[in-house]
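Heads up, start_14.cif below (mmCIF, C-alpha atoms):
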data_final
loop_
_atom_site.label_atom_id
_atom_site.label_comp_id
_atom_site.auth_asym_id
_atom_site.auth_seq_id
_atom_site.Cartn_x
_atom_site.Cartn_y
_atom_site.Cartn_z
CA MET M 24 63.35 22.59 55.19
CA VAL M 25 62.61 18.87 55.04
CA ARG M 26 59.96 17.77 57.53
CA ARG M 27 59.70 14.20 58.71
CA LEU M 28 56.44 12.78 57.47
CA LYS M 29 55.35 9.16 57.68
CA GLU M 30 58.21 7.60 55.74
CA THR M 31 59.46 4.39 57.27
CA GLY M 32 62.53 2.25 56.74
CA PHE M 33 62.30 -1.31 55.41
CA ILE M 34 65.94 -2.41 55.78
CA SER M 35 68.55 -2.09 58.53
CA GLU M 36 71.78 -0.11 58.30
CA GLN M 37 73.64 -3.42 58.11
CA THR M 38 71.66 -4.57 55.07
CA ALA M 39 72.21 -1.19 53.42
CA GLY M 40 75.93 -1.55 54.13
CA TYR M 41 76.11 -4.95 52.42
CA ALA M 42 74.73 -3.31 49.28
CA LEU M 43 76.96 -0.25 49.49
CA ILE M 44 80.30 -1.96 50.10
CA PRO M 45 80.81 -3.58 46.65
CA GLU M 46 79.91 -0.34 44.87
CA LEU M 47 82.30 1.78 46.95
CA ILE M 48 85.07 -0.78 46.49
CA ASN M 49 84.62 -0.59 42.70
CA ILE M 50 84.81 3.21 42.78
CA LEU M 51 88.00 3.30 44.85
CA LYS M 52 89.74 0.51 42.93
CA GLU M 53 90.25 3.09 40.20
CA ASP M 54 92.91 4.67 42.44
CA TYR M 55 94.09 1.92 44.79
CA SER M 56 95.54 -1.50 44.15
CA GLN M 57 93.77 -3.08 47.11
CA VAL M 58 90.53 -2.08 48.82
CA MET M 59 89.36 -4.24 51.72
CA PRO M 60 86.20 -3.79 53.81
CA MET M 61 86.57 -4.12 57.57
CA TYR M 62 84.38 -3.96 60.64
CA PHE M 63 86.76 -2.96 63.43
CA TRP M 64 86.82 -4.73 66.78
CA SER M 65 89.53 -3.74 69.25
CA THR M 66 90.01 -7.37 70.32
CA ARG M 67 90.08 -8.77 66.79
CA GLU M 68 91.43 -6.41 64.10
CA GLY M 69 93.02 -4.39 66.90
CA SER M 70 94.59 -7.34 68.70
CA LEU M 71 98.29 -7.80 69.40
CA ILE M 72 98.63 -10.53 66.77
CA SER M 73 96.94 -8.30 64.16
CA LYS M 74 99.27 -5.44 65.09
CA GLU M 75 102.31 -7.68 64.77
CA ALA M 76 101.25 -9.17 61.43
CA CYS M 77 100.77 -5.75 59.78
CA LYS M 78 103.32 -3.65 61.64
CA CYS M 79 105.31 -2.87 58.49
CA LEU M 80 102.28 -1.89 56.39
CA ASN M 81 100.74 1.51 55.74
CA PHE M 82 97.06 2.02 54.95
CA LYS M 83 94.60 4.74 54.18
CA ILE M 84 91.23 4.35 55.89
CA VAL M 85 87.76 5.43 54.82
CA ALA M 86 84.74 5.32 57.13
CA CYS M 87 81.26 5.03 55.65
CA PHE M 88 77.91 5.17 57.44
CA PRO M 89 75.14 3.23 55.68
CA ARG M 90 71.84 5.14 55.65
CA ARG M 91 68.40 3.61 55.27
CA PRO M 92 66.02 4.64 52.50
CA LYS M 93 62.58 5.51 53.90
CA VAL M 94 59.34 5.44 51.94
CA ASN M 95 55.58 5.80 52.26
CA ARG M 96 54.84 3.01 49.77
CA ILE M 97 56.87 0.43 47.89
CA ASP M 98 56.28 1.82 44.40
CA GLN M 99 57.10 5.49 45.02
CA ASP M 100 59.68 7.32 42.93
CA HIS M 101 61.71 8.86 45.74
CA VAL M 102 63.23 8.08 49.14
CA LEU M 103 63.90 10.01 52.31
CA THR M 104 67.13 9.44 54.23
CA LYS M 105 68.37 10.80 57.51
CA ILE M 106 71.87 11.97 58.43
CA ASN M 107 71.92 11.72 62.20
CA ALA M 108 73.67 14.36 64.28
CA LEU M 109 76.05 11.73 65.68
CA LEU M 110 77.54 11.27 62.19
CA PHE M 111 78.58 14.91 62.00
CA ALA M 112 80.32 14.67 65.36
CA TYR M 113 82.09 11.46 64.30
CA ASN M 114 83.18 13.13 61.08
CA GLY M 115 84.79 15.97 63.00
CA LYS M 116 86.79 13.59 65.17
CA ALA M 117 87.79 11.23 62.34
CA SER M 118 89.04 14.10 60.19
CA THR M 119 91.71 14.91 62.79
CA TYR M 120 93.21 11.48 62.11
CA GLY M 121 93.07 11.70 58.33
CA ILE M 122 90.08 9.36 58.05
CA PRO M 123 87.46 10.76 55.66
CA VAL M 124 83.81 9.94 56.31
CA LEU M 125 81.07 9.20 53.78
CA ALA M 126 77.39 8.43 54.10
CA GLY M 127 75.66 6.26 51.51
CA VAL M 128 72.09 5.20 50.81
CA PRO M 129 70.62 2.69 48.31
CA LEU M 130 68.04 4.34 46.05
CA VAL M 131 65.31 1.72 46.31
CA SER M 132 61.76 1.59 47.65
CA SER M 133 61.64 -2.12 48.52
CA LEU M 134 63.84 -5.02 49.55
CA SER M 135 63.26 -6.72 46.21
CA GLN M 136 64.64 -3.68 44.37
CA LEU M 137 67.77 -3.82 46.52
CA MET M 138 68.61 -7.24 45.07
CA SER M 139 69.30 -5.80 41.61
CA THR M 140 70.04 -2.10 42.06
CA ARG M 141 73.24 -0.24 41.32
CA SER M 142 71.69 3.08 42.25
CA PHE M 143 73.19 4.72 45.32
CA ALA M 144 73.65 8.23 46.67
CA TRP M 145 76.86 9.24 48.44
CA PHE M 146 77.48 12.26 50.64
CA ARG M 147 80.32 13.85 52.51
CA LEU M 148 79.65 15.66 55.77
CA ASN M 149 80.78 19.24 56.15
CA CYS M 150 80.76 19.72 59.89
CA HIS M 151 83.59 19.54 62.42
CA THR M 152 81.59 20.16 65.59
CA GLU M 153 79.30 18.14 67.81
CA ASP M 154 76.22 19.57 66.17
CA ARG M 155 73.14 18.02 67.74
CA THR M 156 70.69 18.47 64.89
CA ASP M 157 69.81 15.82 62.28
CA ALA M 158 69.63 16.47 58.54
CA TRP M 159 67.28 14.99 55.94
CA CYS M 160 67.49 14.47 52.20
CA ARG M 161 64.82 13.41 49.75
CA LEU M 162 66.10 11.93 46.48
CA THR M 163 64.61 10.53 43.29
CA ILE M 164 64.79 6.85 42.35
CA PRO M 165 66.92 5.75 40.53
CA ASP M 166 68.82 8.91 39.50
CA GLY M 167 69.44 10.32 42.98
CA ASN M 168 68.46 13.87 42.12
CA ILE M 169 67.88 16.04 45.19
CA ILE M 170 64.25 16.98 45.84
CA ASP M 171 64.91 18.44 49.30
CA ASN M 172 68.00 18.82 51.47
CA SER M 173 67.40 20.18 54.96
CA ASP M 174 71.01 21.36 55.37
CA PRO M 175 73.01 21.57 52.13
CA ALA M 176 75.84 23.34 53.93
CA ARG M 177 76.50 20.24 56.01
CA VAL M 178 75.33 17.44 53.69
CA ILE M 179 77.32 17.69 50.46
CA GLY M 180 76.12 15.58 47.56
CA PRO M 181 75.11 13.37 46.02
CA LEU M 182 78.72 12.88 44.94
CA THR M 183 79.78 11.44 41.62
CA SER M 184 82.34 8.63 41.52
CA LYS M 185 84.95 11.16 40.44
CA GLU M 186 84.08 13.45 43.35
CA ILE M 187 84.33 10.56 45.81
CA ARG M 188 87.76 9.63 44.52
CA ARG M 189 88.95 13.24 44.67
CA TYR M 190 87.64 13.61 48.21
CA ILE M 191 89.37 10.45 49.42
CA ARG M 192 92.65 11.34 47.72
CA SER M 193 92.67 14.78 49.34
CA GLN M 194 91.59 13.75 52.85
CA ALA M 195 92.84 10.21 53.55
CA ARG M 196 96.32 10.11 55.09
CA PRO M 197 98.52 7.00 54.90
CA MET M 198 99.34 5.62 58.33
CA PRO M 199 101.10 2.63 59.88
CA TRP M 200 98.71 -0.10 60.97
CA THR M 201 99.74 0.39 64.61
CA ASN M 202 98.59 4.03 64.42
CA ALA M 203 95.42 3.05 62.59
CA ILE M 204 94.49 0.64 65.40
CA GLU M 205 94.88 3.37 68.03
CA TYR M 206 92.87 5.88 65.99
CA LEU M 207 90.05 3.40 65.40
CA LYS M 208 89.96 2.49 69.09
CA VAL M 209 89.65 6.17 70.00
CA LEU M 210 86.89 6.66 67.44
CA ARG M 211 84.95 3.64 68.69
CA ARG M 212 85.12 4.94 72.28
CA PHE M 213 84.20 8.42 71.08
CA ASN M 214 81.18 7.02 69.23
CA THR M 215 80.05 5.14 72.34
CA GLN M 216 80.42 8.24 74.51
CA LEU M 217 78.37 10.29 72.04
CA ARG M 218 75.57 7.72 72.06
CA THR M 219 75.39 7.61 75.84
CA SER M 220 75.91 11.32 76.51
CA PHE M 221 74.37 13.38 73.73
CA PHE M 222 72.78 11.47 70.87
CA PRO M 223 70.16 8.73 70.64
CA GLY M 224 70.65 5.70 68.42
CA THR M 225 73.47 3.31 67.60
CA TYR M 226 75.36 3.90 64.38
CA GLN M 227 78.64 2.26 63.43
CA PRO M 228 80.46 2.81 60.14
CA PHE M 229 82.13 0.16 58.06
CA HIS M 230 85.71 0.88 57.06
CA LEU M 231 87.71 0.35 53.90
CA LEU M 232 91.47 -0.20 54.04
CA LEU M 233 93.29 1.20 51.01
CA THR M 234 96.78 0.48 49.70
CA GLU M 235 98.44 2.12 46.72
#
Kindly present the structure from the file in structure tokens form.
Amino acid sequence: MVRRLKETGFISEQTAGYALIPELINILKEDYSQVMPMYFWSTREGSLISKEACKCLNFKIVACFPRRPKVNRIDQDHVLTKINALLFAYNGKASTYGIPVLAGVPLVSSLSQLMSTRSFAWFRLNCHTEDRTDAWCRLTIPDGNIIDNSDPARVIGPLTSKEIRRYIRSQARPMPWTNAIEYLKVLRRFNTQLRTSFFPGTYQPFHLLLTE
């Protein structure tokens, strides 16, 4: 079992997401003609004018939670990352709508390394219940080999690019944009309810819209 030591994060989830998005787009462009990142707001992307503009279009949607690398010192050769319990609960809900969920972490030990890295670890979450326990993984830099995984039954990975593409192809369902808006609204409310009722912390995924 992985025990939390004194590792600390040095970037936010948002900064991690900015690094992850281009890499995930490049992976999925192997299978899809268009891949667009999106941060969903009900009153913006989910507005009436947005619904009207895209009402004839179908999309697949992927949700990805950026995870922070945590270290004891800036020159160490491994990172610790946390998969919060809320992510497993979100995964269970999103899967009912045909929206697969990933978690990704940059494999770096400092902000300066993040500027030039192309080393990332990607995971899928194998839990469809509101499990209230967190999971931890410790991975090498830059190869992403697993040193410890507190719950390998629920945290599957690191995934190769081919495994990510296979997972998305098998789990992402095409849907009209009007349906996608309603699903994403439900998921955003669900996430808020989880944070206030069961789980500490605030974690929002970014989304990718895919078209064939």
* To do: Could you please determine the separation between CA of Arg91 in chain M and CA of Arg161 in chain M in Å, to one decimal place?
  => 11.8 Å
* **Residue members of the PyMOL selection byres ((chain M and resi 63) around 10) in the file shown, as a PyMOL selection string** => chain M and resi 60-62+64-69+204+207-208+211+227-230
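Of note, CA of Arg141 in chain M and CA of Gly121 in chain M are spaced 28.7 Å apart.
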* For the structure shown, which residues end up in the PyMOL selection byres ((chain M and resi 178) around 12)? Put them as a ChimeraX atom specification, please? => /M:104-108,110-111,114,124-127,144-150,157-161,169,171-177,179-182
Suppose a student applies the PyMOL selection byres ((chain M and resi 129) around 7) to this structure; what residues should they get, written as a PDB file with C-alpha atoms, keeping the file's coordinate frame?
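In the end it all went to expr-v7.pdb:
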ATOM      1  CA  ALA M  39      72.210  -1.190  53.420  1.00  0.00           C
ATOM      2  CA  PRO M  92      66.020   4.640  52.500  1.00  0.00           C
ATOM      3  CA  GLY M 127      75.660   6.260  51.510  1.00  0.00           C
ATOM      4  CA  VAL M 128      72.090   5.200  50.810  1.00  0.00           C
ATOM      5  CA  LEU M 130      68.040   4.340  46.050  1.00  0.00           C
ATOM      6  CA  VAL M 131      65.310   1.720  46.310  1.00  0.00           C
ATOM      7  CA  SER M 142      71.690   3.080  42.250  1.00  0.00           C
ATOM      8  CA  PHE M 143      73.190   4.720  45.320  1.00  0.00           C
ATOM      9  CA  ALA M 144      73.650   8.230  46.670  1.00  0.00           C
TER      10      ALA M 144
END
